[in-house]
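Q: Take a look at the following structure, please.
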Amino acid sequence: MQFGIFSVGDVTLDPTNGRMPTEAERIKAIVQIARHAEEVGLDVFATGEHHNPPFYPSSPTTLLGYIGAQTEHLILSTTTTLITTNDPVKIAEDFSMLQHLVDGRTDLVLGRGNTAPVYPWFGKNPHDALELTIENYALLRRLWDEDVVDWSGKFRTPLHNFTATPRPLDGVAPFVWHGSIRTPQIAELAAYYGDGFFANNIFWPKEHYIRLINLYRERFEHYGHGKAHQAVVGLGGQFFMRRNSQDAVREFRPYFDNAPVYGHGPSLEDFTSQTPLTVGSPAEFVEKTLAFRDYFGDYQRQLFLVDHAGLPLKTVLEQLDLLGEVLPELKAGFEAGRPADVPEGPTHAALVARRDGSAAAAQAEAEGAEVAK
């Protein structure tokens, strides 16, 4: 089970003092946050991708490469790489380059994003979103898996005798998750390829995500990648902790009430009762997070949003300290009773080992067939 944090990269006014950080401050802050995530024992840091204010992360691989140079163990990922508006050739080459720079410590979540105007900014039509997703991902897989590609499709110019460079590290592409908030076709796509499925798990009640994850698990088994409970699932989450719950609620309320996404909507109490958000003590956070397993089954990756809504850097680092304190309890809780055949969270080393094991098994089968003749 992998634990980590993700950032949507918002640049938001602090409602308690009226101060708006600059983009430079937020970019430098997220680097410090990622470094501290490794220091407290977390496994993963992930960033979103946005091309409009009030967000800064327009170039995730640039950011992740810079963080990678300052960390040793952290898996560097995205929470959305826009498969619809990014050229698959550029995605293939950018993430292969990142693989080499950070010794394989990278994977990515592909998604369509939630900002419709981004499509025409990059010459695409939002009505083509699902078709773009399917076609672009099919090409991306070939660019990673095949040394020379000839390809033609509906949405980009054809490729003739094309090789994406650099080639994936050790001949193994980065692990791919497919992220979705509401689209069952994305769960189907993830299952078809045997990839991971990442559920945002932030804004909606658990029943919504249960339906998507169960569909993915069923179709994962249908396509012959393993049993349903062996499908690779990741979840988002959200918290604000203090030593006692009253302090947590009092401190977080102004940030919640004025947050760009959910501010001026449901009350903090309603939102925490109906969604995965925890605002309270470390014990309350652990209890609610461990309950995710009851709803979604055993899964591989849990990421938390901690640096949003104008929270100052000092507060975010304190939140990471508290998360680090309860991390052993979380890991033990998720490990207890976990079936032996449920895969661990994906790593580059595990993907290489699986590739080599599959190749050895295929060779042994071929040699056995030859002997039988």
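Chain identifiers are assigned as A, B, and so on, following the order in which chains appear in the structure tokens; residues are numbered from 1 within each chain, and ligands are numbered from 1 in order of appearance.
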Which polymer residues have any atom within 7 Å of an atom of A:Ile5, counting only C-alpha atoms, with same-chain residues fewer than 3 positions away left out, as a PDB file with all heavy atoms, in the first residue's frame?
A:
ATOM      1  N   VAL A  44       4.603   8.748  -2.328  1.00  0.00           N
ATOM      2  CA  VAL A  44       4.221   9.310  -3.623  1.00  0.00           C
ATOM      3  C   VAL A  44       3.957  10.807  -3.490  1.00  0.00           C
ATOM      4  O   VAL A  44       3.348  11.258  -2.513  1.00  0.00           O
ATOM      5  CB  VAL A  44       2.944   8.629  -4.174  1.00  0.00           C
ATOM      6  CG1 VAL A  44       2.601   9.156  -5.573  1.00  0.00           C
ATOM      7  CG2 VAL A  44       3.092   7.115  -4.199  1.00  0.00           C
ATOM      8  N   PHE A  45       4.403  11.561  -4.494  1.00  0.00           N
ATOM      9  CA  PHE A  45       3.953  12.936  -4.686  1.00  0.00           C
ATOM     10  C   PHE A  45       3.389  13.046  -6.097  1.00  0.00           C
ATOM     11  O   PHE A  45       4.009  12.591  -7.058  1.00  0.00           O
ATOM     12  CB  PHE A  45       5.081  13.950  -4.520  1.00  0.00           C
ATOM     13  CG  PHE A  45       4.669  15.332  -4.963  1.00  0.00           C
ATOM     14  CD1 PHE A  45       3.920  16.140  -4.116  1.00  0.00           C
ATOM     15  CD2 PHE A  45       4.965  15.798  -6.232  1.00  0.00           C
ATOM     16  CE1 PHE A  45       3.493  17.395  -4.537  1.00  0.00           C
ATOM     17  CE2 PHE A  45       4.547  17.053  -6.657  1.00  0.00           C
ATOM     18  CZ  PHE A  45       3.807  17.849  -5.803  1.00  0.00           C
ATOM     19  N   ALA A  46       2.227  13.689  -6.226  1.00  0.00           N
ATOM     20  CA  ALA A  46       1.588  13.829  -7.534  1.00  0.00           C
ATOM     21  C   ALA A  46       1.091  15.253  -7.734  1.00  0.00           C
ATOM     22  O   ALA A  46       0.656  15.914  -6.786  1.00  0.00           O
ATOM     23  CB  ALA A  46       0.419  12.848  -7.675  1.00  0.00           C
ATOM     24  N   LEU A 303      -3.755   8.768  -1.935  1.00  0.00           N
ATOM     25  CA  LEU A 303      -3.189  10.108  -1.982  1.00  0.00           C
ATOM     26  C   LEU A 303      -4.121  11.088  -1.284  1.00  0.00           C
ATOM     27  O   LEU A 303      -5.342  10.941  -1.359  1.00  0.00           O
ATOM     28  CB  LEU A 303      -2.971  10.562  -3.431  1.00  0.00           C
ATOM     29  CG  LEU A 303      -2.077   9.681  -4.302  1.00  0.00           C
ATOM     30  CD1 LEU A 303      -1.914  10.312  -5.689  1.00  0.00           C
ATOM     31  CD2 LEU A 303      -0.721   9.439  -3.657  1.00  0.00           C
ATOM     32  N   PHE A 304      -3.542  12.106  -0.642  1.00  0.00           N
ATOM     33  CA  PHE A 304      -4.320  13.108   0.073  1.00  0.00           C
ATOM     34  C   PHE A 304      -4.011  14.502  -0.462  1.00  0.00           C
ATOM     35  O   PHE A 304      -2.862  14.838  -0.755  1.00  0.00           O
ATOM     36  CB  PHE A 304      -4.012  13.075   1.571  1.00  0.00           C
ATOM     37  CG  PHE A 304      -4.360  11.786   2.248  1.00  0.00           C
ATOM     38  CD1 PHE A 304      -3.366  10.874   2.582  1.00  0.00           C
ATOM     39  CD2 PHE A 304      -5.682  11.478   2.539  1.00  0.00           C
ATOM     40  CE1 PHE A 304      -3.684   9.684   3.212  1.00  0.00           C
ATOM     41  CE2 PHE A 304      -6.013  10.284   3.164  1.00  0.00           C
ATOM     42  CZ  PHE A 304      -5.014   9.383   3.498  1.00  0.00           C
ATOM     43  N   LEU A 305      -5.053  15.317  -0.551  1.00  0.00           N
ATOM     44  CA  LEU A 305      -4.919  16.726  -0.897  1.00  0.00           C
ATOM     45  C   LEU A 305      -4.716  17.510   0.397  1.00  0.00           C
ATOM     46  O   LEU A 305      -5.558  17.467   1.296  1.00  0.00           O
ATOM     47  CB  LEU A 305      -6.184  17.202  -1.614  1.00  0.00           C
ATOM     48  CG  LEU A 305      -6.258  18.683  -1.981  1.00  0.00           C
ATOM     49  CD1 LEU A 305      -5.168  19.052  -2.959  1.00  0.00           C
ATOM     50  CD2 LEU A 305      -7.638  19.016  -2.549  1.00  0.00           C
TER      51      LEU A 305
END
Q: Quick one: which stretch 153-227 of chain A residues come within 10 Å of stretch 103-117 of chain A, and what is the nearest atom pair for each with the distance in Å to one decimal, counting only C-alpha atoms, rows ordered by chain and ascending number, as a tab-separated table?
A:
residue	atom	partner	partner_atom	distance
A:Pro168	CA	A:Gly104	CA	9.2
A:Leu169	CA	A:Gly104	CA	6.8
A:Asp170	CA	A:Gly104	CA	8.9
A:Val172	CA	A:Gly104	CA	9.3
A:Ala173	CA	A:Asp107	CA	8.8
A:Pro174	CA	A:Asp107	CA	4.9
A:Phe175	CA	A:Asp107	CA	5.0
A:Val176	CA	A:Leu108	CA	5.4
A:Trp177	CA	A:Val109	CA	4.5
A:His178	CA	A:Leu110	CA	4.9
A:Gly179	CA	A:Gly111	CA	5.1
A:Ser180	CA	A:Gly111	CA	6.6
A:Ile181	CA	A:Asn114	CA	9.4
A:Ile186	CA	A:Gly111	CA	8.5
A:Ala190	CA	A:Leu110	CA	9.9
A:Gly196	CA	A:Val109	CA	8.6
A:Phe197	CA	A:Val109	CA	8.4
A:Phe198	CA	A:Val109	CA	7.3
Q: Report as a list in words all protein, DNA and RNA residues lying within 10 Å of A:Leu317, evaluated on only C-alpha atoms, omitting residues in the same chain fewer than 5 positions from it.
A: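 Once the nearby chain positions are removed, what remains is Ala29, Gln32, Ile33, Ala34, His36, Ala37, Val40, Val306, Asp307, Pro312, Leu322 and Leu323 of chain A.
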Q: Please return, as a ChimeraX atom specification, all residues of stretch 50-240 of chain A that DSSP assigns to alpha helix (DSSP H) on the basis of the backbone.
A: /A:60-68,88-101,118-121,129-145,184-193,206-222
Q: I'd like the contact shell of stretch 87-102 of chain A - 10 Å cut-off, only C-alpha atoms, skipping same-chain residues fewer than 5 positions apart - returned as a short mmCIF file (atom, residue, chain, number, x, y, z; two decimals) with all heavy atoms, in the first residue's frame.
A:
data_model
loop_
_atom_site.label_atom_id
_atom_site.label_comp_id
_atom_site.auth_asym_id
_atom_site.auth_seq_id
_atom_site.Cartn_x
_atom_site.Cartn_y
_atom_site.Cartn_z
N PRO A 60 3.84 19.54 -15.82
CA PRO A 60 4.09 18.59 -14.72
C PRO A 60 5.45 17.92 -14.77
O PRO A 60 6.10 17.75 -13.73
CB PRO A 60 2.96 17.57 -14.87
CG PRO A 60 1.86 18.33 -15.54
CD PRO A 60 2.54 19.26 -16.48
N THR A 61 5.91 17.51 -15.95
CA THR A 61 7.18 16.79 -15.98
C THR A 61 8.35 17.69 -15.62
O THR A 61 9.34 17.22 -15.05
CB THR A 61 7.42 16.13 -17.35
OG1 THR A 61 7.27 17.10 -18.38
CG2 THR A 61 6.44 14.99 -17.57
N THR A 62 8.27 18.98 -15.95
CA THR A 62 9.31 19.92 -15.52
C THR A 62 9.37 19.98 -14.00
O THR A 62 10.44 19.90 -13.38
CB THR A 62 9.05 21.31 -16.09
OG1 THR A 62 8.96 21.24 -17.51
CG2 THR A 62 10.16 22.28 -15.71
N LEU A 64 8.15 17.76 -11.82
CA LEU A 64 8.51 16.48 -11.23
C LEU A 64 10.00 16.18 -11.41
O LEU A 64 10.63 15.59 -10.53
CB LEU A 64 7.66 15.36 -11.84
CG LEU A 64 6.16 15.43 -11.56
CD1 LEU A 64 5.42 14.32 -12.29
CD2 LEU A 64 5.88 15.38 -10.06
N GLY A 65 10.56 16.59 -12.53
CA GLY A 65 11.99 16.39 -12.73
C GLY A 65 12.81 17.17 -11.73
O GLY A 65 13.82 16.68 -11.20
N TYR A 66 12.38 18.41 -11.44
CA TYR A 66 13.09 19.24 -10.47
C TYR A 66 12.99 18.64 -9.07
O TYR A 66 13.97 18.58 -8.33
CB TYR A 66 12.50 20.65 -10.49
CG TYR A 66 13.24 21.65 -9.65
CD1 TYR A 66 14.42 22.23 -10.12
CD2 TYR A 66 12.77 22.04 -8.41
CE1 TYR A 66 15.11 23.17 -9.36
CE2 TYR A 66 13.46 22.97 -7.64
CZ TYR A 66 14.63 23.53 -8.12
OH TYR A 66 15.31 24.45 -7.35
N ILE A 67 11.79 18.16 -8.72
CA ILE A 67 11.61 17.51 -7.43
C ILE A 67 12.41 16.21 -7.37
O ILE A 67 13.02 15.88 -6.34
CB ILE A 67 10.12 17.24 -7.16
CG1 ILE A 67 9.38 18.58 -6.96
CG2 ILE A 67 9.92 16.34 -5.95
CD1 ILE A 67 7.87 18.44 -6.92
N GLY A 68 12.44 15.49 -8.48
CA GLY A 68 13.18 14.24 -8.53
C GLY A 68 14.66 14.40 -8.23
O GLY A 68 15.28 13.53 -7.61
N ALA A 69 15.23 15.54 -8.64
CA ALA A 69 16.64 15.80 -8.38
C ALA A 69 16.92 16.07 -6.91
O ALA A 69 18.08 16.01 -6.49
CB ALA A 69 17.10 17.00 -9.22
N GLN A 70 15.88 16.33 -6.13
CA GLN A 70 16.05 16.67 -4.72
C GLN A 70 15.48 15.60 -3.79
O GLN A 70 15.40 15.81 -2.58
CB GLN A 70 15.38 18.01 -4.43
CG GLN A 70 15.95 19.15 -5.27
CD GLN A 70 15.26 20.47 -5.00
OE1 GLN A 70 15.20 20.93 -3.87
NE2 GLN A 70 14.72 21.08 -6.03
N THR A 71 15.07 14.48 -4.34
CA THR A 71 14.52 13.37 -3.55
C THR A 71 15.21 12.08 -3.97
O THR A 71 15.85 12.01 -5.01
CB THR A 71 13.00 13.25 -3.73
OG1 THR A 71 12.69 13.12 -5.13
CG2 THR A 71 12.27 14.46 -3.16
N GLU A 72 15.02 11.03 -3.16
CA GLU A 72 15.69 9.77 -3.43
C GLU A 72 14.72 8.60 -3.61
O GLU A 72 15.01 7.67 -4.37
CB GLU A 72 16.66 9.43 -2.31
CG GLU A 72 17.81 10.41 -2.16
CD GLU A 72 18.76 10.02 -1.04
OE1 GLU A 72 18.55 8.94 -0.43
OE2 GLU A 72 19.71 10.77 -0.78
N HIS A 73 13.61 8.64 -2.91
CA HIS A 73 12.72 7.48 -2.89
C HIS A 73 11.31 7.79 -3.39
O HIS A 73 10.56 6.87 -3.77
CB HIS A 73 12.62 6.92 -1.46
CG HIS A 73 13.95 6.66 -0.83
ND1 HIS A 73 14.81 5.69 -1.29
CD2 HIS A 73 14.58 7.26 0.22
CE1 HIS A 73 15.91 5.69 -0.55
NE2 HIS A 73 15.79 6.63 0.36
N LEU A 74 10.92 9.03 -3.40
CA LEU A 74 9.55 9.42 -3.71
C LEU A 74 9.17 9.05 -5.14
O LEU A 74 9.90 9.36 -6.08
CB LEU A 74 9.42 10.93 -3.52
CG LEU A 74 8.08 11.54 -3.15
CD1 LEU A 74 7.55 10.99 -1.84
CD2 LEU A 74 8.22 13.06 -3.07
N ILE A 75 8.04 8.37 -5.30
CA ILE A 75 7.48 8.13 -6.63
C ILE A 75 6.82 9.42 -7.09
O ILE A 75 6.02 10.01 -6.35
CB ILE A 75 6.45 6.98 -6.61
CG1 ILE A 75 7.13 5.67 -6.23
CG2 ILE A 75 5.76 6.84 -7.97
CD1 ILE A 75 6.16 4.52 -5.98
N LEU A 76 7.14 9.87 -8.28
CA LEU A 76 6.66 11.14 -8.80
C LEU A 76 5.61 10.87 -9.87
O LEU A 76 5.87 10.21 -10.87
CB LEU A 76 7.84 11.92 -9.39
CG LEU A 76 8.99 12.11 -8.38
CD1 LEU A 76 10.25 12.58 -9.07
CD2 LEU A 76 8.58 13.06 -7.28
N SER A 77 4.42 11.42 -9.63
CA SER A 77 3.29 11.07 -10.49
C SER A 77 2.48 12.31 -10.83
O SER A 77 2.83 13.44 -10.44
CB SER A 77 2.41 10.03 -9.79
OG SER A 77 1.41 9.53 -10.67
N THR A 81 -2.77 13.89 -16.25
CA THR A 81 -2.06 14.27 -17.47
C THR A 81 -3.10 14.25 -18.57
O THR A 81 -3.76 13.22 -18.78
CB THR A 81 -0.92 13.29 -17.77
OG1 THR A 81 0.08 13.41 -16.76
CG2 THR A 81 -0.31 13.56 -19.13
N LEU A 82 -3.29 15.36 -19.24
CA LEU A 82 -4.42 15.51 -20.16
C LEU A 82 -4.18 14.71 -21.44
O LEU A 82 -3.48 15.13 -22.35
CB LEU A 82 -4.64 16.99 -20.47
CG LEU A 82 -4.98 17.86 -19.25
CD1 LEU A 82 -5.09 19.32 -19.67
CD2 LEU A 82 -6.27 17.39 -18.59
N ASP A 107 5.25 7.51 -12.47
CA ASP A 107 4.12 6.97 -13.22
C ASP A 107 3.18 8.14 -13.50
O ASP A 107 3.53 9.30 -13.26
CB ASP A 107 3.45 5.79 -12.52
CG ASP A 107 2.98 6.08 -11.10
OD1 ASP A 107 2.56 7.23 -10.83
OD2 ASP A 107 3.01 5.17 -10.26
N LEU A 108 1.99 7.88 -14.02
CA LEU A 108 1.11 8.99 -14.37
C LEU A 108 -0.34 8.55 -14.36
O LEU A 108 -0.66 7.37 -14.56
CB LEU A 108 1.47 9.57 -15.73
CG LEU A 108 1.25 8.71 -16.98
CD1 LEU A 108 1.19 9.61 -18.23
CD2 LEU A 108 2.37 7.68 -17.16
N PHE A 122 -5.85 24.20 -27.31
CA PHE A 122 -4.89 23.28 -27.93
C PHE A 122 -5.43 22.69 -29.24
O PHE A 122 -4.98 21.63 -29.68
CB PHE A 122 -4.51 22.17 -26.94
CG PHE A 122 -3.67 22.68 -25.80
CD1 PHE A 122 -4.26 23.14 -24.64
CD2 PHE A 122 -2.29 22.72 -25.91
CE1 PHE A 122 -3.50 23.63 -23.59
CE2 PHE A 122 -1.52 23.21 -24.87
CZ PHE A 122 -2.11 23.67 -23.71
N GLU A 135 -8.38 7.13 -28.71
CA GLU A 135 -7.41 7.11 -29.80
C GLU A 135 -6.01 7.50 -29.32
O GLU A 135 -5.02 6.84 -29.66
CB GLU A 135 -7.84 8.04 -30.93
CG GLU A 135 -6.84 8.07 -32.09
CD GLU A 135 -7.32 8.90 -33.25
OE1 GLU A 135 -8.39 8.58 -33.83
OE2 GLU A 135 -6.61 9.88 -33.60
N ASN A 136 -5.93 8.56 -28.53
CA ASN A 136 -4.62 9.02 -28.07
C ASN A 136 -3.94 7.99 -27.17
O ASN A 136 -2.71 7.82 -27.23
CB ASN A 136 -4.75 10.35 -27.33
CG ASN A 136 -4.95 11.52 -28.27
OD1 ASN A 136 -4.91 11.37 -29.49
ND2 ASN A 136 -5.17 12.70 -27.71
N TYR A 137 -4.72 7.30 -26.35
CA TYR A 137 -4.08 6.32 -25.48
C TYR A 137 -3.62 5.10 -26.27
O TYR A 137 -2.55 4.54 -25.98
CB TYR A 137 -5.00 5.89 -24.34
CG TYR A 137 -4.25 4.98 -23.38
CD1 TYR A 137 -3.08 5.41 -22.77
CD2 TYR A 137 -4.68 3.68 -23.12
CE1 TYR A 137 -2.36 4.59 -21.92
CE2 TYR A 137 -3.96 2.85 -22.28
CZ TYR A 137 -2.80 3.31 -21.68
OH TYR A 137 -2.07 2.49 -20.86
N ALA A 138 -4.38 4.69 -27.25
CA ALA A 138 -3.95 3.57 -28.09
C ALA A 138 -2.61 3.89 -28.76
O ALA A 138 -1.71 3.03 -28.84
CB ALA A 138 -5.01 3.25 -29.15
N LEU A 139 -2.45 5.12 -29.23
CA LEU A 139 -1.18 5.53 -29.83
C LEU A 139 -0.08 5.61 -28.78
O LEU A 139 1.05 5.15 -29.02
CB LEU A 139 -1.34 6.87 -30.53
CG LEU A 139 -0.06 7.49 -31.10
CD1 LEU A 139 0.65 6.53 -32.05
CD2 LEU A 139 -0.36 8.83 -31.77
N LEU A 140 -0.37 6.17 -27.62
CA LEU A 140 0.63 6.28 -26.56
C LEU A 140 1.19 4.91 -26.20
O LEU A 140 2.40 4.73 -26.05
CB LEU A 140 0.02 6.96 -25.33
CG LEU A 140 0.92 7.08 -24.10
CD1 LEU A 140 2.18 7.89 -24.40
CD2 LEU A 140 0.15 7.69 -22.93
N ARG A 141 0.32 3.92 -26.06
CA ARG A 141 0.79 2.58 -25.71
C ARG A 141 1.74 2.05 -26.78
O ARG A 141 2.78 1.45 -26.47
CB ARG A 141 -0.41 1.62 -25.58
CG ARG A 141 -1.13 1.73 -24.28
CD ARG A 141 -0.79 0.58 -23.34
NE ARG A 141 0.61 0.48 -23.00
CZ ARG A 141 1.16 0.87 -21.87
NH1 ARG A 141 0.43 1.45 -20.95
NH2 ARG A 141 2.44 0.69 -21.65
N ARG A 142 1.39 2.24 -28.04
CA ARG A 142 2.26 1.75 -29.12
C ARG A 142 3.61 2.47 -29.13
O ARG A 142 4.65 1.86 -29.36
CB ARG A 142 1.56 1.91 -30.47
CG ARG A 142 0.37 0.98 -30.66
CD ARG A 142 -0.10 1.00 -32.10
NE ARG A 142 0.96 0.58 -33.01
CZ ARG A 142 0.89 0.69 -34.33
NH1 ARG A 142 -0.18 1.22 -34.90
NH2 ARG A 142 1.90 0.29 -35.09
N LEU A 143 3.59 3.76 -28.85
CA LEU A 143 4.83 4.53 -28.84
C LEU A 143 5.80 4.03 -27.78
O LEU A 143 7.02 4.08 -27.94
CB LEU A 143 4.53 6.02 -28.63
CG LEU A 143 3.83 6.72 -29.79
CD1 LEU A 143 3.28 8.07 -29.33
CD2 LEU A 143 4.77 6.90 -30.97
N TRP A 144 5.25 3.57 -26.65
CA TRP A 144 6.09 3.02 -25.60
C TRP A 144 6.46 1.56 -25.86
O TRP A 144 7.58 1.14 -25.56
CB TRP A 144 5.38 3.13 -24.26
CG TRP A 144 5.55 4.44 -23.56
CD1 TRP A 144 6.61 5.29 -23.65
CD2 TRP A 144 4.65 5.02 -22.63
NE1 TRP A 144 6.43 6.39 -22.85
CE2 TRP A 144 5.22 6.25 -22.20
CE3 TRP A 144 3.40 4.66 -22.12
CZ2 TRP A 144 4.60 7.09 -21.28
CZ3 TRP A 144 2.78 5.49 -21.21
CH2 TRP A 144 3.37 6.69 -20.79
N PHE A 155 -7.39 12.17 -35.30
CA PHE A 155 -7.17 13.47 -34.65
C PHE A 155 -5.76 14.04 -34.79
O PHE A 155 -5.51 15.13 -34.30
CB PHE A 155 -7.52 13.36 -33.16
CG PHE A 155 -8.98 13.07 -32.92
CD1 PHE A 155 -9.39 11.82 -32.50
CD2 PHE A 155 -9.94 14.05 -33.13
CE1 PHE A 155 -10.73 11.56 -32.26
CE2 PHE A 155 -11.28 13.79 -32.91
CZ PHE A 155 -11.68 12.53 -32.47
N ARG A 156 -4.83 13.34 -35.40
CA ARG A 156 -3.50 13.91 -35.60
C ARG A 156 -2.92 13.39 -36.91
O ARG A 156 -3.43 12.44 -37.49
CB ARG A 156 -2.56 13.61 -34.42
CG ARG A 156 -1.98 12.23 -34.47
CD ARG A 156 -0.94 11.90 -33.40
NE ARG A 156 0.09 12.87 -33.19
CZ ARG A 156 1.17 13.02 -33.97
NH1 ARG A 156 1.31 12.28 -35.06
NH2 ARG A 156 2.08 13.92 -33.66
N LEU A 159 1.89 8.89 -38.53
CA LEU A 159 3.30 8.65 -38.21
C LEU A 159 3.81 7.54 -39.12
O LEU A 159 3.15 6.50 -39.28
CB LEU A 159 3.46 8.23 -36.75
CG LEU A 159 3.04 9.24 -35.68
CD1 LEU A 159 3.09 8.60 -34.30
CD2 LEU A 159 3.93 10.48 -35.72
N PHE A 162 8.25 5.87 -37.22
CA PHE A 162 8.58 6.81 -36.15
C PHE A 162 9.02 6.07 -34.89
O PHE A 162 8.41 5.08 -34.48
CB PHE A 162 7.37 7.68 -35.82
CG PHE A 162 7.63 8.68 -34.71
CD1 PHE A 162 8.31 9.86 -34.97
CD2 PHE A 162 7.22 8.43 -33.41
CE1 PHE A 162 8.57 10.77 -33.96
CE2 PHE A 162 7.47 9.33 -32.39
CZ PHE A 162 8.15 10.51 -32.67
N THR A 163 10.07 6.59 -34.25
CA THR A 163 10.55 6.07 -32.97
C THR A 163 10.54 7.18 -31.94
O THR A 163 11.20 8.21 -32.13
CB THR A 163 11.98 5.50 -33.10
OG1 THR A 163 11.97 4.42 -34.04
CG2 THR A 163 12.49 5.00 -31.75
N ALA A 164 9.79 7.01 -30.87
CA ALA A 164 9.79 7.99 -29.78
C ALA A 164 11.06 7.82 -28.97
O ALA A 164 11.47 6.70 -28.65
CB ALA A 164 8.57 7.77 -28.89
N THR A 165 11.70 8.94 -28.64
CA THR A 165 12.95 8.89 -27.89
C THR A 165 12.88 9.80 -26.67
O THR A 165 12.21 10.84 -26.71
CB THR A 165 14.13 9.34 -28.76
OG1 THR A 165 13.91 10.68 -29.22
CG2 THR A 165 14.31 8.42 -29.95
N PRO A 166 13.54 9.43 -25.56
CA PRO A 166 14.26 8.16 -25.39
C PRO A 166 13.28 7.00 -25.23
O PRO A 166 12.10 7.21 -24.94
CB PRO A 166 15.05 8.39 -24.09
CG PRO A 166 14.19 9.34 -23.31
CD PRO A 166 13.58 10.26 -24.34
N ARG A 167 13.77 5.81 -25.44
CA ARG A 167 12.94 4.63 -25.20
C ARG A 167 12.72 4.48 -23.70
O ARG A 167 13.52 4.94 -22.88
CB ARG A 167 13.62 3.36 -25.76
CG ARG A 167 13.97 3.42 -27.23
CD ARG A 167 12.74 3.72 -28.08
NE ARG A 167 11.72 2.69 -27.95
CZ ARG A 167 10.41 2.94 -27.90
NH1 ARG A 167 9.96 4.19 -27.94
NH2 ARG A 167 9.54 1.95 -27.78
N PRO A 168 11.62 3.84 -23.29
CA PRO A 168 11.36 3.68 -21.85
C PRO A 168 12.52 2.99 -21.13
O PRO A 168 13.20 2.13 -21.69
CB PRO A 168 10.10 2.80 -21.83
CG PRO A 168 9.40 3.11 -23.12
CD PRO A 168 10.51 3.32 -24.12
N LEU A 169 12.75 3.41 -19.91
CA LEU A 169 13.83 2.87 -19.10
C LEU A 169 13.68 1.36 -18.94
O LEU A 169 12.59 0.86 -18.60
CB LEU A 169 13.82 3.54 -17.71
CG LEU A 169 14.87 3.07 -16.71
CD1 LEU A 169 16.28 3.42 -17.19
CD2 LEU A 169 14.60 3.69 -15.34
N ASP A 170 14.75 0.61 -19.20
CA ASP A 170 14.77 -0.85 -19.10
C ASP A 170 13.73 -1.50 -20.00
O ASP A 170 13.34 -2.66 -19.77
CB ASP A 170 14.54 -1.31 -17.65
CG ASP A 170 15.61 -0.80 -16.70
OD1 ASP A 170 16.79 -0.80 -17.09
OD2 ASP A 170 15.25 -0.38 -15.58
N GLY A 171 13.26 -0.75 -21.01
CA GLY A 171 12.27 -1.31 -21.92
C GLY A 171 10.89 -1.46 -21.32
O GLY A 171 10.04 -2.19 -21.86
N VAL A 172 10.64 -0.79 -20.20
CA VAL A 172 9.35 -0.90 -19.51
C VAL A 172 8.73 0.48 -19.37
O VAL A 172 9.34 1.39 -18.79
CB VAL A 172 9.51 -1.54 -18.11
CG1 VAL A 172 8.19 -1.53 -17.35
CG2 VAL A 172 10.02 -2.98 -18.25
N ALA A 173 7.55 0.67 -19.90
CA ALA A 173 6.88 1.96 -19.85
C ALA A 173 6.46 2.32 -18.43
O ALA A 173 6.29 1.43 -17.58
CB ALA A 173 5.64 1.94 -20.74
N PRO A 174 6.29 3.60 -18.13
CA PRO A 174 5.75 3.99 -16.82
C PRO A 174 4.37 3.36 -16.61
O PRO A 174 3.60 3.18 -17.55
CB PRO A 174 5.63 5.52 -16.93
CG PRO A 174 6.54 5.92 -18.03
CD PRO A 174 6.55 4.78 -19.00
N HIS A 348 8.62 0.72 -10.59
CA HIS A 348 9.37 0.36 -11.80
C HIS A 348 10.02 -1.01 -11.64
O HIS A 348 9.97 -1.85 -12.56
CB HIS A 348 10.43 1.42 -12.09
CG HIS A 348 11.24 1.12 -13.31
ND1 HIS A 348 10.73 1.23 -14.59
CD2 HIS A 348 12.54 0.69 -13.45
CE1 HIS A 348 11.66 0.90 -15.47
NE2 HIS A 348 12.76 0.57 -14.80
#
Q: Determine, counting only C-alpha atoms, which protein, DNA and RNA residues have an atom within 8 Å of an atom of stretch 335-340 of chain A; residues of the same chain fewer than 3 positions away are not included. Present the result as a PyMOL selection string.
A: chain A and resi 1+298+331-332+343
Q: Work out how far apart atom CA of A:Gly234 and atom CA of A:Ala199 are and give it in Å to one decimal.
A: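 Taking atom CA of A:Gly234 as the start and atom CA of A:Ala199 as the end point, the length is 6.2 Å.
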Q: Rounded to one decimal in Å, what is the spacing between atom CA of A:Leu63 and atom CA of A:Pro15?
A: 27.1 Å
Q: Using DSSP secondary structure from the backbone, list all strand (DSSP E or B) positions within stretch 144-351 of chain A, as a ChimeraX atom specification.
A: /A:149-151,159-162,175-180,196-199,233-235,238-241,278-280,301-305
Q: Please provide the set of residues having any atom within 8 Å of stretch 245-253 of chain A, restricted to only C-alpha atoms, with same-chain residues fewer than 3 positions apart removed, written as an NGL selection string.
A: :A and (240-242 or 256-257 or 268 or 279-281)
Q: One number please: atom CA of A:Val352 to atom CA of A:Asn214, in Å, one decimal.
A: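 Atom CA of A:Asn214 lies at a distance of 28.1 Å from atom CA of A:Val352.
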Q: Excluding A:His160 and any residue of its chain fewer than 4 positions from it, enumerate the residues within 7 Å of it, using only C-alpha atoms, and give them as a VMD selection string.
A: chain A and resid 149 to 151
